[in-house]
Structures are given as C-alpha cells and as structure tokens.
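Quick notes on the structure that follows.
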Number of protein chains: 2
Amino acid sequence: MTALPETAPAGLIKPVLPRGLADRVASEIAATRRMIDIIGRVYELYGFCAVETPLIEYTEALGKFLPDTDRPNAGVFSFKDDDQQWLSLRYDLTAPLARHFAAQATSLPKPYRSWRAGYVFRNEKPGAGRFRQFMQCDADTIGAGGVAADAEICMMAADTLEALGVPRGHYIVKVNNRKVLDDVLDAAGLGGDAPRRLIALRAIDKFDRLGAAGVQQLLGAGRRDESGDFTKGVGLDAPGQKILLDFLDGKLPDGLVSAGLDELAAIRELLEAGGYGADRVRIDMSVVRGLEYYTGPVFEAELTFEIPGENGKPVRFGAVGGGGRYDGLVGRFQAETVPATGFSIGVSRLYAALKALGSPVVASAGPARPVLVLVMDRDHLAHYQGLVAALRRAQVAAELYLGSGGMNAQLKYADRRGAPCAVIQGSNERANGQVVIKDLVLGATLGGATKDRADYLELKQMAQFAVAESEMVGAVRTVLSRQAVGAKS
Amino acid sequence: MTALPETAPAGLIKPVLPRGLADRVASEIAATRRMIDIIGRVYELYGFCAVETPLIEYTEALGKFLPDTDRPNAGVFSFKDDDQQWLSLRYDLTAPLARHFAAQATSLPKPYRSWRAGYVFRNEKPGAGRFRQFMQCDADTIGAGGVAADAEICMMAADTLEALGVPRGHYIVKVNNRKVLDDVLDAAGLGGDAPRRLIALRAIDKFDRLGAAGVQQLLGAGRRDESGDFTKGVGLDAPGQKILLDFLDGKLPDGLVSAGLDELAAIRELLEAGGYGADRVRIDMSVVRGLEYYTGPVFEAELTFEIPGENGKPVRFGAVGGGGRYDGLVGRFQAETVPATGFSIGVSRLYAALKALGSPVVASAGPARPVLVLVMDRDHLAHYQGLVAALRRAQVAAELYLGSGGMNAQLKYADRRGAPCAVIQGSNERANGQVVIKDLVLGATLGGATKDRADYLELKQMAQFAVAESEMVGAVRTVLSRQAVGAKS
C-alpha cells in the first residue's frame with residue numbers, strides 16, 4: 001500500500017539539489033553549533049538577548065533592501081499565499097527584526113538589544129562560495145540613536161572573533177560613516193542629484209575590482225569593459241572626479257565639515273575608553289557597504305591573514321561580517337523614526353576562515369566511532385541486541401550490524417565507520433558464555449609493529465581476546481581508553 | 001541616502017506575520033538548543049551521525065507523501081526557479097534524506113544511520129498549535145531491511161524521552177505493523193481493490209474522532225456529518241465491517257496469517273533482549289499512521305500524563321513523535337529497492353510537553369540579567385563605556401544605558417531588564433574616583449524587610465554603597481553572588 005512513485009519506474013527521478021544549495025555533514029554541523037554557542041555567549045555578555053523570526057514573511061514587510069541594486073526585483077524567493085498575498089523567504093535577518101520590533105514595540109525594553117542565528121535565502125546566480133541558502137548570525141540595537149551603540153557593536157565583533165579563536169592581529173574591525181561619503185559627494189558637486197549619486201556610489205563600490213582608473217572612467221563619461229559592454233558614467237567634471245578619487249585614496253576634501261567625521265571621532269573615543277585600540281577596531285574611509293541600507297556608521301570585520309588564492313598567490317581572507325546603522329528600516333512600519341544599528345556574521349564563510357586558521361572551535365572530532373557488535377548467527381539476533389543495549393546503557397556508543405553481509409562485509413563496515421573495536425560471538429563463544437573483543441586500531445597496525453616474536457604475540461593477544469559476557473563492557477572500555485592514550489601520544 | 005520605503009509614509013506597512021508563523025523568544029530558543037543537544041547525544045550513542053539537507057528541494061525530488069491525502073496538491077510551498085523548474089520548501093525531513101542517500105549512495109556506509117533537526121513547512125490551514133513552520137528532529141536507518149532496525153528505533157525513542165526528563169511510566173512507544181492492517185483489509189473482502197482500500201484506511205484513521213459508530217457508517221453506505229455534508233462510504237458488507245471494527249477493538253480475524261504479526265513478534269523479542277519492557281515499548285494494533293507512506297512497522301511515541309483539555313477536563317498529552325518503515329521512498333531515485341525506517345520528533349510539541357512536565361531541560365533560566373551602567377552625564381560617555389568594558393572583560397554581563405532617558409527612565413529600564421544591580425557615577429563620585437553600586441533586588445525588598453532600625457540601616461547600606469572604581473568589578477561580583485544565594489534559599 002505504498003504510494004506509487006509519481007514517475008514511472010523507467011523515468012527515475014534524479015537525486016539532485018537545485019544549484020546553490022548543499023547538504024551539510026556532521027563535522028560542519030557540530031562546528032556550526034559550537035560557533036553559534038560561542039557567539040551567543042559573547043553577545044549575551046553584552047546584554048543582547050536571543051530572539052528568532054520565521055523564515056517566511058510577507059514580501060511587503062521585508063521590502064527590497066538587497067545589496068544587488070542592479071536587479072531590484074530579483075534576489076528573493078517569493079510565492080503567493082492562498083489568499084493571494086505575496087510571501088517571501090527572508091533574504092537577511094534585519095528586515096524581519098524590524099518587523100518584529102514594530103509588532104512588539106510596546107512590550108520590549110528600549111533600547112532593545114537582540115541577537116539571532118538562522119538561514120537566509122538569495123535567489124541569485126550562485127557561484128564559487130556563493131550559496132542560495134546560507135547562515136547568518138546577527139546582533140542589533142534598536143532605539144539607540146547615539147554612536148555608543150555603534151561603538152559597542154564594533155567592540156563586540158572584535159571580542160567575538162577572538163572568542164572563536166582568531167588571534168589578535170589576524171583580524172581588524174573597520175569603521176566608516178556613510179555621512180562622510182554623502183558629504184564628499186556633495187563636495188564633488190552631486191548635492192541633491194539622487195540618480196547620479198547612486199551611479200557614483202556604485203562606481204565607488206567597484207574600487208576593489210576596477211582600481212582607480214576604472215572608477216575614474218565610471219565617474220566620468222563611462223567605461224567599456226573587456227567584453228565590449230559600455231556602462232554610462234556619472235559625467236562628473238575633473239575636479240569632482242579628483243575629490244572622489246582622493247577620498248578613495250584616504251584624503252578628504254579641504255575644509256570638509258561633516259557630522260560623520262564628528263561621529264567617527266566620538267566612536268574612536270569610546271573604543272579607546274573600552275580598551276579597543278586601532279589594532280582591533282580602526283576608522284577606515286575605504287569601507288563602502290550596502291548602498292541602499294545604511295544611514296550612518298558602517299562596519300566591516302576583516303580577517304587579515306592570507307590563504308592561497310585562485311591562482312595560487314596568497315590573498316587576504318577578507319570580510320566575514322559587517323553592518324551599520326539603518327535608521328530608516330523600522331520607520332516603514334510606524335510613524336516615528338526609530339534608530340537602529342546592527343552587525344551580521346556570515347557563519348559559513350567564518351567557518352571556512354576558522355578552519356584555515358586551525359581554530360580549535362571548528363576542529364573536527366572526527367566521525368563518531370561506535371563499537372560494532374557483529375551478527376554471526378541470525379537466529380540469535382535478539383541476544384546480540386542485548387549486548388548492544390548493555391554497551392549503550394553504559395554510555396558506550398555502539399551499533400548492531402543491521403545489514404545482510406557476512407563476517408568480511410561486517411568488518412569492512414566496521415572499518416568504514418571507524419569502529420574502535422568489534423564484539424564477536426560465534427557458536428563456540430556462545431557455548432562458553434563469552435565474547436571476543438577485536439581491537440580494530442591495534443589489529444590494523446599489528447603487521448609492522450614489532451619484529452620480536454614475544455612482543456608480537458603479546459600485541460596479538462591484546463588485539464583480539466575473549467572475555468566473559470558479563471565483562472564485555474569493562475573490556476570494551478579498556479580498549480577505548482587504550483586507544484585514547486595512543487591517539488594522544 | 002536611505003532607500004525610500006516602498007509604501008508612501010501615509011500607507012505604513014503593517015508589521016504582521018502571515019498566519020501560522022510565529023516569532024520565538026529567548027527561553028524557547030535556549031530550551032530547543034538544549035533539547036536538540038540531548039536528543040543528538042542519545043542518537044549518537046546509537047551510532048547515528050548528523051547530516052543536514054537544505055530547506056529547498058526540487059518539487060519532484062520531494063514527491064507528494066503528505067499525510068493529508070484529501071488535498072494531494074496542497075500542503076507544500078512551491079515556486080519556480082529562474083529555469084522554470086519547480087522548487088518546494090521541504091515538508092518533512094524524510095523525503096530530502098531519501099534524495100541525499102540516493103545522491104551519496106556510493107560514499108555512505110550501508111546500512112546508513114543518520115539524524116538531523118530542522119524546520120519543515122506545511123502550506124495548510126493553521127490552527128491552535130498547528131503551525132506552517134515547525135521543527136522536527138529525525139533519525140533514520142537506510143539499507144537495513146530487518147526488523148532489528150525498527151526495534152532499535154523504538155528503543156532509541158524511549159531512551160530519548162527519558163533523557164529529556166520524561167519519567168518512565170509517563171510515556172509509551174507504541175508499535176504496530178501496516179502489513180497486519182493490510183491483511184485484515186484482505187480478510188474483510190477488500191483484497192486488490194486499491195481505491196476502496198484507501199477509503200477504508202481513511203475511515204479507520206478517523207476512529208479517534210468519530211468512534212466505532214462513525215467509522216461503521218464510513219465503512220458501509222456513508223456518513224452525513226453535523227453540517228449536513230455526506231461522505232460516501234466503502235460499501236462493505238456487515239461481516240467485512242465487523243472484521244474491521246473488531247480489529248479496531250483489538251481483536252484479529254480468526255486464523256489470520258500475516259507476516260506483519262511475525263515481524264511484531266520478532267520486534268517484541270528484540271525489545272525484551274534489549275531490556276525494554278512493555279512499560280516502555282508496546283505492541284498496539286490501534287496505531288494507524290501516515291496512510292501513504294509506510295510499508296511495515298509503524299511507531300508512535302505518546303505521552304500518557306494528562307493536561308487540562310479545551311473544556312478544562314484533563315486529557316492525555318498524546319503523540320509527540322512517530323515513524324515507521326518506508327521501503328519505497330529511496331526507490332524513486334534508483335532502480336533497486338532500498339529498505340528504510342525512521343522516527344520523527346515534533347520538537348515544538350515536545351517542548352510544550354516538557355514544560356507541562358516541569359522537565360529541567362526546558363526550565364527557563366529567566367531572561368539574561370546584565371548589570372546596567374547608568375549614564376549620569378553624557379559628556380563622560382566614554383568613561384562609562386570604560387566601566388562597562390571592565391565588567392565584560394571580567395565575564396560579567398553588562399550594559400551601558402544607550403537610550404536618551406534621565407535617571408528615572410534608566411532605573412525603569414534596569415527593572416525591565418531584570419538587572420541585578422546598577423553602577424552609578426555622578427559628578428561627586430567621579431571627583432572621588434568612586435562608583436555607587438545599587439543592588440536592585442535587595443533595594444526592591446527593603447521596605448518590608450525588617451522592623452528593626454539597626455537591621456534596616458545595615459540592609460540599606462548593603463543595597464547601595466560606594467566603592468573605588470578599581471574595586472567595582474569585585475563589588476558587583478559580591479552583589480551577584482549574594483543574590484544567587486538568596487535565589488536558592
């Protein structure tokens with residue numbers, strides 16, 4: 001009475017995942033749990049409390065604040081509810097938090113510090129290291145307009161990286177302020193011209209990729225790329241171009257007055273007072289994050305150690321998180337403006353970084369290695385089941401062989417599972433009320449272990465020996481602790 | 001330069017969630033993490049290893065194996081990929097596992113024991129306690145055809161419930177076998193008549209709700225419900241009806257021969273050998289789970305203690321998990337049949353049960369209670385920041401007040417956050433290099449604490465006292481440990 005497969009047997013369904021999605025194995029799952037535990041502990045030390053929102057929201061409630069402004073209508077997985085309203089999978093953890101805060105405003109303490117970890121989804125072309133489902137871990141402070149909230153988040157980001165095993169000197173949290181950039185755009189002659197400002201921002205954001213010459217073309221008449229495609233430029237005059245290029249080179253326009261600069265100075269003072277020097281958190285004017293999202297200070301957590309790049313040349317690991325002030329997001333739901341600031345960690349990317357660094361937080365304990373109880377005689381399955389249950393009751397991870405193979409297949413399975421030892425009971429042993437314990441680690445090394453015959457025999461005796469059933473658990477424990485000592489030495 | 005809200009200011013967006021979705025607060029998040037940790041530890045003791053699949057799959061790969069057979073095309077959130085292929089949010093963790101196994105078949109050990117926790121989605125009408133996003137925690141054995149795999153999963157379910165704090169006697173794992181029901185349907189005269197069998201199965205599945213009389217109508221000519229709607233029946237003759245009703249009453253047809261009965265006997269033997277008596281795992285013919293899914297043994301984990309029902313009358317808590325053998329699911333992807341069996345826990349429902357039971361696993365530690373450093377003079381914000389940083393460096397959870405309120409508002413915020421104490425530094429204290437520590441717990445009880453004037457003054461001195469800045473961390477720790485002792489006594 002099984003349901004019929006929907007495809008006829010001839011047309012088997014392909015067991016494939018849509019691109020940009022991936023299965024996760026035990027080592028990554030365990031490491032991710034440890035990472036989130038550690039991140040959460042640091043966040044809670046700062047007074048942030050955990051809160052989670054569902055993965056689905058009304059499309060309208062999420063808004064369109066994706067970083068990819070070239071495709072404003074793409075980027076999100078959306079579908080209609082049965083009442084014809086559009087729903088979307090969240091594309092970040094910030095937009096849903098703004099909705100949560102607006103919904104719960106009266107019952108939450110203000111300012112409201114909170115944190116959360118969860119999957120987000122991007123309906124984008126996936127690429128190397130770019131997935132359509134990935135995990136973020138965010139912290140946000142809503143209802144605090146002063147830069148103390150921003151400074152605090154930068155300190156917390158630094159503490160978090162160190163708690164995860166990134167040594168001081170291997171990371172830097174960079175701080176900039178969108179207001180400075182806005183004022184520089186004014187100085188360059190783009191005051192009040194929203195469409196051309198946006199084109200200029202996009203050009204500036206490409207500095208890393210195109211360099212000064214490419215950005216200059218985009219700020220001027222335009223740029224033709226290698227494929228021959230032409231991107232129309234901002235049409236700025238030469239002095240205007242120079243102001244922006246100087247800015248990218250770290251030089252501010254002469255006599256620039258900007259509230260952003262004052263805010264950065266205040267942040268610096270708070271960081272110093274907290275004991276966070278420029279070796280951990282640093283003002284850096286080159287940071288341009290999220291063109292459509294941020295309204296004040298912006299942050300980027302960068303790992304500064306090098307890994308082999310695509311062409312084998314070492315490259316900086318780069319950003320693993322970022323954030324900033326987004327004073328406009330909650331205001332979409334309620335009349336008054338609600339200031340907010342936050343920080344988001346890309347968990348999968350940070351996981352890769354911690355592995356590259358050899359952080360103990362993500363060190364794999366290796367696969368679980370349960371003891372295998374062999375099934376030598378299927379008529380006595382229940383008896384073997386009793387042996388397995390006794391091991392489990394003693395908190396020893398153990399398996400009963402559940403396949404249909406013979407002794408060789410069973411030992412091969414044990415090998416595949418990395419079983420530390422096998423428990424074997426044939427008819428002779430059963431008649432004597434005994435089991436044989438086979439140490440699979442010692443057994444595998446026996447061949448080349450020693451040339452001395454007496455030693456060899458002693459080792460052989462250790463590698464496989466019979467004990468009374470009642471002593472099985474103790475004997476297995478002896479083998480396990482012997483292996484634990486061996487693994488350390 | 002914030003992006004404009006998509007809705008004009010006049011038309012503010014409503015901060016609401018689609019129905020059947022909910023935000024989760026800190027206590028539930030922390031309890032769920034602890035539950036998954038404990039469940040995972042039990043599963044790994046049994047040799048099951050963690051593996052996770054993404055939340056999105058090809059619709060075709062998931063198939064339509066939802067329990068709600070009345071709406072075969074509903075139940076799933078689906079959307080088209082940019083190459084026009086249909087994608088769906090997973091509705092359980094089993095169909096994606098079958099896809100994973102088929103994709104990785106050559107690299108996995110066989111039999112393959114694995115476990116996972118994650119959200120699943122149902123595009124159904126939500127109701128009381130029925131959500132459209134909820135968490136499941138599953139364990140499955142793929143590639144083992146014998147009932148030892150089924151028996152093992154039942155034992156593991158029992159161990160899991162006990163590890164989570166459900167005392168023996170407060171739960172029961174029930175086992176049945178779909179093959180018995182199939183053979184009873186044959187005996188009732190429905191052999192080979194697939195459409196009528198399906199209607200009969202649906203009728204049987206309604207036994208809990210409609211009772212024997214209602215099911216008999218559905219097995220016969222049909223049934224008219226209170227609203228006047230008529231459901232056509234199976235059209236079984238009276239002897240056939242009696243066979244099925246007797247079965248629901250625990251009586252098998254005379255002389256019934258069924259492989260299902262032999263399997264149940266074998267499971268019983270394995271359970272006994274493992275030390276699992278009928279007080280923990282019990283054969284129970286009344287279990288009818290998942291009409292379209294299972295091919296052999298089926299399991300249901302039920303909590304037997306009572307909670308107040310809708311009308312105030314106590315009712316059994318009921319099922320918190322279930323599963324069974326599904327030998328057909330992997331076969332959708334590959335030519336050979338791959339036997340499989342598994343068990344799924346409804347995590348949110350189990351969370352509610354553990355709360356009702358008072359299990360320590362889900363006991364709320366209460367909200368995090370950070371120490372609050374007040375901002376008495378905004379010109380010295382950086383100095384206050386230094387005090388907060390010193391507390392955090394000492395691993396004392398602490399907050400700087402980030403709002404714009406005065407002293408009263410700040411103390412009210414501290415109260416709201418459950419702050420154990422406040423650190424206050426006005427201009428006088430600053431001049432003396434001191435801070436005032438205000439014990440907010442002791443302070444709140446001062447009024448009615450004692451009638452003795454000397455005691456009162458001593459308590460008052462304990463509730464609020466000045467110390468040198470350099471002794472702040474130690475003084476705060478004294479207050480925190482004093483409160484910890486007070487909370488326990």
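If you're wondering about the labels, chains in the structure tokens are A, B, ... by order shown, residues count from 1 in each chain, ligands from 1 in order shown.
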
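The shell of residues at most 9 Å from Leu62 of chain B, with only C-alpha atoms counted and near chain neighbours (fewer than 2 positions) removed, consists of Glu57, Tyr58, Thr59, Glu60, Lys64, Phe65, Ser88, Arg90, Tyr91, Asp92, Thr94, Ala95, Pro96, Ala98 and Arg99 of chain B.
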
Once you have the residues from the selection above, write them out as a tab-separated table (two decimals), in the first residue's frame, restricted to N, CA and C atoms.
chain	number	residue	atom	x	y	z
B	57	GLU	N	14.16	22.09	-2.08
B	57	GLU	CA	14.49	20.96	-2.94
B	57	GLU	C	13.69	21.09	-4.24
B	58	TYR	N	14.09	20.34	-5.26
B	58	TYR	CA	13.21	20.21	-6.42
B	58	TYR	C	11.91	19.57	-5.97
B	59	THR	N	10.79	20.15	-6.39
B	59	THR	CA	9.48	19.62	-6.01
B	59	THR	C	9.37	18.14	-6.35
B	60	GLU	N	9.87	17.79	-7.52
B	60	GLU	CA	9.84	16.41	-7.99
B	60	GLU	C	10.58	15.47	-7.04
B	64	LYS	N	4.99	13.66	-3.30
B	64	LYS	CA	3.81	14.10	-2.56
B	64	LYS	C	3.42	13.03	-1.58
B	65	PHE	N	4.10	13.02	-0.46
B	65	PHE	CA	3.83	12.00	0.54
B	65	PHE	C	3.28	12.62	1.81
B	88	SER	N	10.40	23.48	-4.01
B	88	SER	CA	9.49	23.50	-2.85
B	88	SER	C	10.28	23.60	-1.56
B	90	ARG	N	10.83	22.02	1.95
B	90	ARG	CA	10.61	20.65	2.43
B	90	ARG	C	9.45	20.63	3.42
B	91	TYR	N	8.65	19.57	3.35
B	91	TYR	CA	7.50	19.44	4.26
B	91	TYR	C	7.79	18.42	5.35
B	92	ASP	N	8.89	17.67	5.19
B	92	ASP	CA	9.38	16.82	6.26
B	92	ASP	C	10.87	16.63	6.04
B	94	THR	N	12.23	13.53	5.78
B	94	THR	CA	12.45	12.17	5.27
B	94	THR	C	12.66	12.16	3.76
B	95	ALA	N	11.79	12.88	3.03
B	95	ALA	CA	11.93	12.91	1.58
B	95	ALA	C	13.29	13.49	1.17
B	96	PRO	N	13.76	14.58	1.81
B	96	PRO	CA	15.10	15.07	1.45
B	96	PRO	C	16.21	14.07	1.80
B	98	ALA	N	15.96	10.82	1.66
B	98	ALA	CA	15.97	9.81	0.60
B	98	ALA	C	16.75	10.34	-0.60
B	99	ARG	N	16.55	11.59	-0.95
B	99	ARG	CA	17.30	12.22	-2.05
B	99	ARG	C	18.79	12.24	-1.73

_Excluding segment 469-479 of chain A and its own-chain neighbours fewer than 2 positions away, which residues fall within 6 Å of it when counting only C-alpha atoms? Please give them as a list in words._
Leu391, Gly433, Gln434, Val435, Ser481 and Arg482 of chain A

*Every residue of segment 175-309 of chain A that DSSP places in alpha helix (DSSP H), as a PyMOL selection string*: chain A and resi 178-185+194-205+207-219+238-248+259-274

Could you list, with a cut-off of 10 Å and counting only C-alpha atoms, the residues of segment 111-149 of chain A near segment 321-330 of chain A, each shown with its nearest atom pair and the distance in Å rounded to one decimal, rows sorted by chain and ascending number, as CSV?
residue,atom,partner,partner_atom,distance
A:Gln136,CA,A:Gly321,CA,9.0
A:Cys137,CA,A:Gly321,CA,9.2
A:Asp138,CA,A:Gly323,CA,9.1
A:Ala139,CA,A:Gly323,CA,9.4
A:Asp140,CA,A:Gly323,CA,9.3
A:Thr141,CA,A:Arg325,CA,9.4
A:Ile142,CA,A:Val330,CA,8.7
A:Gly143,CA,A:Asp327,CA,9.1
A:Ala144,CA,A:Asp327,CA,9.6
A:Gly145,CA,A:Asp327,CA,8.1
A:Val147,CA,A:Arg325,CA,9.2
A:Ala149,CA,A:Arg325,CA,9.3

*Excluding Gly240 of chain B and residues on its chain fewer than 5 positions from it, collect all residues at most 8 Å away from it, counting only C-alpha atoms, and give them as a PyMOL selection string.*
chain B and resi 187-189

*Name all residues at most 7 Å from segment 233-235 of chain B (count only C-alpha atoms; drop same-chain ones fewer than 4 positions away) and give them as a list in words.*
Arg196, Ile199, Ala200, Gln217, Leu218, Leu219, Gly220, Ala221, Gly222 and Arg223 of chain B

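Contact shell of Ser27 of chain B at 10 Å (only C-alpha atoms; same-chain neighbours under 2 positions omitted): Cys49, Ala50 and Val51 of chain A; Arg24, Val25, Ile29, Ala30, Ala31, Thr32, Val362, Ala363, Ser364, Ala365, Gly366, Pro367 and Ala368 of chain B.
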
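Taking atom CA of Lys438 of chain A and atom CA of Gly274 of chain B as the two end points, the separation is 22.3 Å.
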
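The space separating atom CA of Gln483 of chain B from atom CA of Cys421 of chain B comes to 9.9 Å.
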
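Interatomic distance, atom CA of Ser114 of chain A to atom CA of Gly47 of chain A: 8.0 Å.
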
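The shortest atom-to-atom distance to chain B, with only C-alpha atoms taken into account, belongs to A:Gln395 out of A:Ser344, A:Gln395, A:Asn311, A:Thr106.
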